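Q: My file is work29.pdb. It has PDB, C-alpha atoms, pLDDT in the B column:
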ATOM      1  CA  MET A   1     -17.669  79.859   4.805  1.00 52.00           C
ATOM      2  CA  SER A   2     -17.665  78.276   8.203  1.00 62.00           C
ATOM      3  CA  THR A   3     -16.806  80.289  11.273  1.00 69.00           C
ATOM      4  CA  PHE A   4     -14.031  77.808  11.995  1.00 70.00           C
ATOM      5  CA  LEU A   5     -12.058  78.830   8.891  1.00 72.00           C
ATOM      6  CA  ALA A   6     -12.823  82.562   9.052  1.00 72.00           C
ATOM      7  CA  PRO A   7      -9.687  83.483  11.101  1.00 71.00           C
ATOM      8  CA  VAL A   8      -7.490  81.529   8.684  1.00 68.00           C
ATOM      9  CA  ARG A   9      -9.109  83.248   5.693  1.00 69.00           C
ATOM     10  CA  ASP A  10      -8.671  86.688   7.281  1.00 66.00           C
ATOM     11  CA  HIS A  11      -5.017  85.974   8.099  1.00 62.00           C
ATOM     12  CA  LEU A  12      -4.338  84.851   4.507  1.00 60.00           C
ATOM     13  CA  LEU A  13      -6.082  87.900   3.052  1.00 60.00           C
ATOM     14  CA  ILE A  14      -4.110  90.270   5.267  1.00 59.00           C
ATOM     15  CA  THR A  15      -0.841  88.471   4.476  1.00 56.00           C
ATOM     16  CA  VAL A  16      -1.453  88.509   0.723  1.00 52.00           C
ATOM     17  CA  ALA A  17      -2.598  92.152   0.739  1.00 53.00           C
ATOM     18  CA  THR A  18       0.534  93.358   2.547  1.00 58.00           C
ATOM     19  CA  GLN A  19       3.056  91.481   0.379  1.00 62.00           C
ATOM     20  CA  ASP A  20       4.754  93.461  -2.378  1.00 65.00           C
ATOM     21  CA  PRO A  21       6.933  91.393  -4.710  1.00 69.00           C
ATOM     22  CA  GLY A  22       8.532  94.535  -6.164  1.00 73.00           C
ATOM     23  CA  VAL A  23       7.911  93.575  -9.782  1.00 73.00           C
ATOM     24  CA  SER A  24       6.772  96.215 -12.239  1.00 75.00           C
ATOM     25  CA  PRO A  25       6.316  96.189 -16.019  1.00 73.00           C
ATOM     26  CA  ASN A  26       9.277  97.366 -18.084  1.00 77.00           C
ATOM     27  CA  SER A  27       9.846  97.763 -21.799  1.00 76.00           C
ATOM     28  CA  ASN A  28      13.412  96.458 -21.960  1.00 81.00           C
ATOM     29  CA  GLY A  29      13.028  93.041 -20.320  1.00 77.00           C
ATOM     30  CA  LEU A  30      12.761  90.902 -23.447  1.00 80.00           C
ATOM     31  CA  PRO A  31      14.175  91.220 -26.930  1.00 87.00           C
ATOM     32  CA  GLY A  32      11.597  91.525 -29.672  1.00 86.00           C
ATOM     33  CA  LEU A  33       9.091  93.519 -27.637  1.00 86.00           C
ATOM     34  CA  SER A  34       8.782  96.141 -30.373  1.00 86.00           C
ATOM     35  CA  ALA A  35       7.999  93.413 -32.935  1.00 90.00           C
ATOM     36  CA  LEU A  36       5.347  91.975 -30.609  1.00 89.00           C
ATOM     37  CA  LYS A  37       3.782  95.428 -30.172  1.00 89.00           C
ATOM     38  CA  SER A  38       3.730  95.819 -33.941  1.00 92.00           C
ATOM     39  CA  MET A  39       2.017  92.436 -34.384  1.00 95.00           C
ATOM     40  CA  VAL A  40      -0.616  93.235 -31.756  1.00 93.00           C
ATOM     41  CA  GLY A  41      -1.276  96.587 -33.429  1.00 93.00           C
ATOM     42  CA  ALA A  42      -1.786  94.771 -36.723  1.00 95.00           C
ATOM     43  CA  LEU A  43      -4.194  92.361 -34.980  1.00 96.00           C
ATOM     44  CA  LEU A  44      -6.175  95.334 -33.661  1.00 95.00           C
ATOM     45  CA  THR A  45      -6.448  96.735 -37.176  1.00 96.00           C
ATOM     46  CA  PHE A  46      -7.385  93.318 -38.577  1.00 97.00           C
ATOM     47  CA  GLY A  47     -10.078  92.922 -35.903  1.00 96.00           C
ATOM     48  CA  LEU A  48     -11.560  96.339 -36.650  1.00 96.00           C
ATOM     49  CA  VAL A  49     -11.675  95.590 -40.381  1.00 97.00           C
ATOM     50  CA  ILE A  50     -13.508  92.324 -39.628  1.00 97.00           C
ATOM     51  CA  CYS A  51     -15.973  94.250 -37.443  1.00 97.00           C
ATOM     52  CA  VAL A  52     -16.686  96.664 -40.290  1.00 97.00           C
ATOM     53  CA  ALA A  53     -17.238  93.755 -42.701  1.00 98.00           C
ATOM     54  CA  GLY A  54     -19.514  92.020 -40.195  1.00 97.00           C
ATOM     55  CA  PHE A  55     -21.482  95.204 -39.661  1.00 98.00           C
ATOM     56  CA  VAL A  56     -21.973  95.731 -43.410  1.00 98.00           C
ATOM     57  CA  ILE A  57     -23.055  92.113 -43.956  1.00 98.00           C
ATOM     58  CA  SER A  58     -25.425  92.259 -40.987  1.00 98.00           C
ATOM     59  CA  ALA A  59     -26.921  95.552 -42.134  1.00 97.00           C
ATOM     60  CA  ALA A  60     -27.497  94.042 -45.584  1.00 97.00           C
ATOM     61  CA  ALA A  61     -29.171  90.984 -44.018  1.00 97.00           C
ATOM     62  CA  TRP A  62     -31.314  93.285 -41.883  1.00 97.00           C
ATOM     63  CA  ALA A  63     -32.350  95.323 -44.919  1.00 97.00           C
ATOM     64  CA  LEU A  64     -33.096  92.280 -47.077  1.00 96.00           C
ATOM     65  CA  GLY A  65     -34.993  90.587 -44.248  1.00 96.00           C
ATOM     66  CA  SER A  66     -37.109  93.700 -43.733  1.00 95.00           C
ATOM     67  CA  LEU A  67     -37.675  94.107 -47.452  1.00 95.00           C
ATOM     68  CA  ASN A  68     -38.876  90.505 -47.828  1.00 95.00           C
ATOM     69  CA  ASN A  69     -40.931  90.554 -44.602  1.00 94.00           C
ATOM     70  CA  ASN A  70     -38.696  87.876 -43.108  1.00 95.00           C
ATOM     71  CA  ALA A  71     -38.527  88.631 -39.393  1.00 95.00           C
ATOM     72  CA  HIS A  72     -35.931  85.937 -38.712  1.00 95.00           C
ATOM     73  CA  TYR A  73     -33.341  87.380 -41.120  1.00 94.00           C
ATOM     74  CA  ALA A  74     -34.125  90.932 -40.020  1.00 96.00           C
ATOM     75  CA  GLY A  75     -33.661  89.958 -36.379  1.00 96.00           C
ATOM     76  CA  ARG A  76     -30.396  88.175 -37.122  1.00 97.00           C
ATOM     77  CA  GLY A  77     -29.191  91.241 -39.008  1.00 97.00           C
ATOM     78  CA  LYS A  78     -30.004  93.504 -36.059  1.00 97.00           C
ATOM     79  CA  THR A  79     -28.189  91.160 -33.695  1.00 97.00           C
ATOM     80  CA  GLY A  80     -25.186  91.043 -36.025  1.00 97.00           C
ATOM     81  CA  CYS A  81     -25.032  94.836 -36.155  1.00 98.00           C
ATOM     82  CA  LEU A  82     -25.071  95.069 -32.373  1.00 98.00           C
ATOM     83  CA  VAL A  83     -22.417  92.359 -31.983  1.00 98.00           C
ATOM     84  CA  ALA A  84     -20.142  93.943 -34.607  1.00 98.00           C
ATOM     85  CA  ALA A  85     -20.513  97.394 -33.017  1.00 97.00           C
ATOM     86  CA  GLY A  86     -19.866  95.994 -29.535  1.00 97.00           C
ATOM     87  CA  ALA A  87     -16.800  94.104 -30.706  1.00 97.00           C
ATOM     88  CA  ALA A  88     -15.464  97.234 -32.425  1.00 97.00           C
ATOM     89  CA  ILE A  89     -15.952  99.212 -29.200  1.00 97.00           C
ATOM     90  CA  LEU A  90     -14.079  96.594 -27.188  1.00 96.00           C
ATOM     91  CA  ILE A  91     -11.265  96.260 -29.725  1.00 96.00           C
ATOM     92  CA  GLY A  92     -10.897 100.023 -30.080  1.00 94.00           C
ATOM     93  CA  SER A  93     -10.786 100.583 -26.339  1.00 94.00           C
ATOM     94  CA  ALA A  94      -8.567  97.583 -25.527  1.00 92.00           C
ATOM     95  CA  ASN A  95      -5.549  99.761 -24.647  1.00 90.00           C
ATOM     96  CA  THR A  96      -7.615 101.957 -22.339  1.00 90.00           C
ATOM     97  CA  ILE A  97      -9.280  98.998 -20.629  1.00 90.00           C
ATOM     98  CA  ILE A  98      -5.959  97.233 -20.015  1.00 88.00           C
ATOM     99  CA  ARG A  99      -4.291 100.449 -18.832  1.00 85.00           C
ATOM    100  CA  TRP A 100      -7.176 101.001 -16.388  1.00 86.00           C
ATOM    101  CA  ALA A 101      -7.117  97.400 -15.146  1.00 85.00           C
ATOM    102  CA  SER A 102      -3.349  97.402 -14.654  1.00 81.00           C
ATOM    103  CA  GLY A 103      -3.653 100.472 -12.418  1.00 75.00           C
ATOM    104  CA  ILE A 104      -6.014  98.764  -9.988  1.00 71.00           C
ATOM    105  CA  SER A 105      -4.329  98.101  -6.670  1.00 63.00           C
ATOM    106  CA  ILE A 106      -5.460  95.763  -3.928  1.00 59.00           C
ATOM    107  CA  ASN A 107      -5.436  97.668  -0.653  1.00 52.00           C
TER     108      ASN A 107
END
Mind turning this structure into structure tokens?

A:
Amino acid sequence: MSTFLAPVRDHLLITVATQDPGVSPNSNGLPGLSALKSMVGALLTFGLVICVAGFVISAAAWALGSLNNNAHYAGRGKTGCLVAAGAAILIGSANTIIRWASGISIN
């Protein structure tokens, strides 16, 4: 950034950092919030079931690829297992990640 715009940037950053709109999350702002929470919980379960299915299919591809000396299928199976496990970790920890990110403050 040029030195000409640096004071403007600093002023904007200070102004934005010191503003507090006074808005906080609440659980009674909209009707149907409990139904939405229920649907998201069902999506989490659905996602985890898909991860388990993907892991089983990938493990089978890995085993069959290794059994038939097919390095391509074995490698794809390994990759699928890692992707399914990673997705399951992210889906399972979604609440914790969002709770952590919502607690971050800009000071």

Q: Name the closest residue to Phe46 of chain A among the candidates A:Asn70, A:Gly92, A:Ile97, A:Gly32; distances are taken between atoms, counting all atoms listed in the file.

A: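 Nearest to Phe46 of chain A: A:Gly92.
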
Q: Could you list, as a PDB file with C-alpha atoms, in the coordinates of the input, every residue within 12 Å of segment 87-91 of chain A, counting only C-alpha atoms and ignoring same-chain residues fewer than 3 positions away?

A:
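Done, and the output landed in around_16.pdb:
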ATOM      1  CA  VAL A  40      -0.616  93.235 -31.756  1.00 93.00           C
ATOM      2  CA  GLY A  41      -1.276  96.587 -33.429  1.00 93.00           C
ATOM      3  CA  ALA A  42      -1.786  94.771 -36.723  1.00 95.00           C
ATOM      4  CA  LEU A  43      -4.194  92.361 -34.980  1.00 96.00           C
ATOM      5  CA  LEU A  44      -6.175  95.334 -33.661  1.00 95.00           C
ATOM      6  CA  THR A  45      -6.448  96.735 -37.176  1.00 96.00           C
ATOM      7  CA  PHE A  46      -7.385  93.318 -38.577  1.00 97.00           C
ATOM      8  CA  GLY A  47     -10.078  92.922 -35.903  1.00 96.00           C
ATOM      9  CA  LEU A  48     -11.560  96.339 -36.650  1.00 96.00           C
ATOM     10  CA  VAL A  49     -11.675  95.590 -40.381  1.00 97.00           C
ATOM     11  CA  ILE A  50     -13.508  92.324 -39.628  1.00 97.00           C
ATOM     12  CA  CYS A  51     -15.973  94.250 -37.443  1.00 97.00           C
ATOM     13  CA  VAL A  52     -16.686  96.664 -40.290  1.00 97.00           C
ATOM     14  CA  ALA A  53     -17.238  93.755 -42.701  1.00 98.00           C
ATOM     15  CA  GLY A  54     -19.514  92.020 -40.195  1.00 97.00           C
ATOM     16  CA  PHE A  55     -21.482  95.204 -39.661  1.00 98.00           C
ATOM     17  CA  GLY A  80     -25.186  91.043 -36.025  1.00 97.00           C
ATOM     18  CA  CYS A  81     -25.032  94.836 -36.155  1.00 98.00           C
ATOM     19  CA  LEU A  82     -25.071  95.069 -32.373  1.00 98.00           C
ATOM     20  CA  VAL A  83     -22.417  92.359 -31.983  1.00 98.00           C
ATOM     21  CA  ALA A  84     -20.142  93.943 -34.607  1.00 98.00           C
ATOM     22  CA  ALA A  94      -8.567  97.583 -25.527  1.00 92.00           C
ATOM     23  CA  ASN A  95      -5.549  99.761 -24.647  1.00 90.00           C
ATOM     24  CA  THR A  96      -7.615 101.957 -22.339  1.00 90.00           C
ATOM     25  CA  ILE A  97      -9.280  98.998 -20.629  1.00 90.00           C
ATOM     26  CA  ILE A  98      -5.959  97.233 -20.015  1.00 88.00           C
TER      27      ILE A  98
END

Q: Please define a box with edges along x, y and z of the file around all atoms of segment 91-105 of chain A given in the file, extend it by 4 Å on each side, and return its centre and edge lengths in Å to one decimal, as AutoDock Vina command-line options.

A:
--center_x -7.3 --center_y 99.1 --center_z -18.4 --size_x 15.9 --size_y 13.7 --size_z 31.4

Q: Report, in Å to a single decimal, how far apart atom CA of Gly77 of chain A and atom CA of Ile57 of chain A are.

A: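 About the pair atom CA of Ile57 of chain A and atom CA of Gly77 of chain A: they are 7.9 Å apart.
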
Q: Between atom CA of Ser38 of chain A and atom CA of Arg99 of chain A, measure the distance and give it in Å to one decimal.

A: 17.7 Å

Q: Could you check how far atom CA of Lys37 of chain A sits from atom CA of Ser93 of chain A, in Å to one decimal?

A: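 The value is 15.9 Å.
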
Q: With only C-alpha atoms as the basis for distance, which of A:Leu36, A:Ala59, A:Leu64, A:Val23 is at the shortest distance from Thr79 of chain A?

A: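 Nearest to Thr79 of chain A: A:Ala59.
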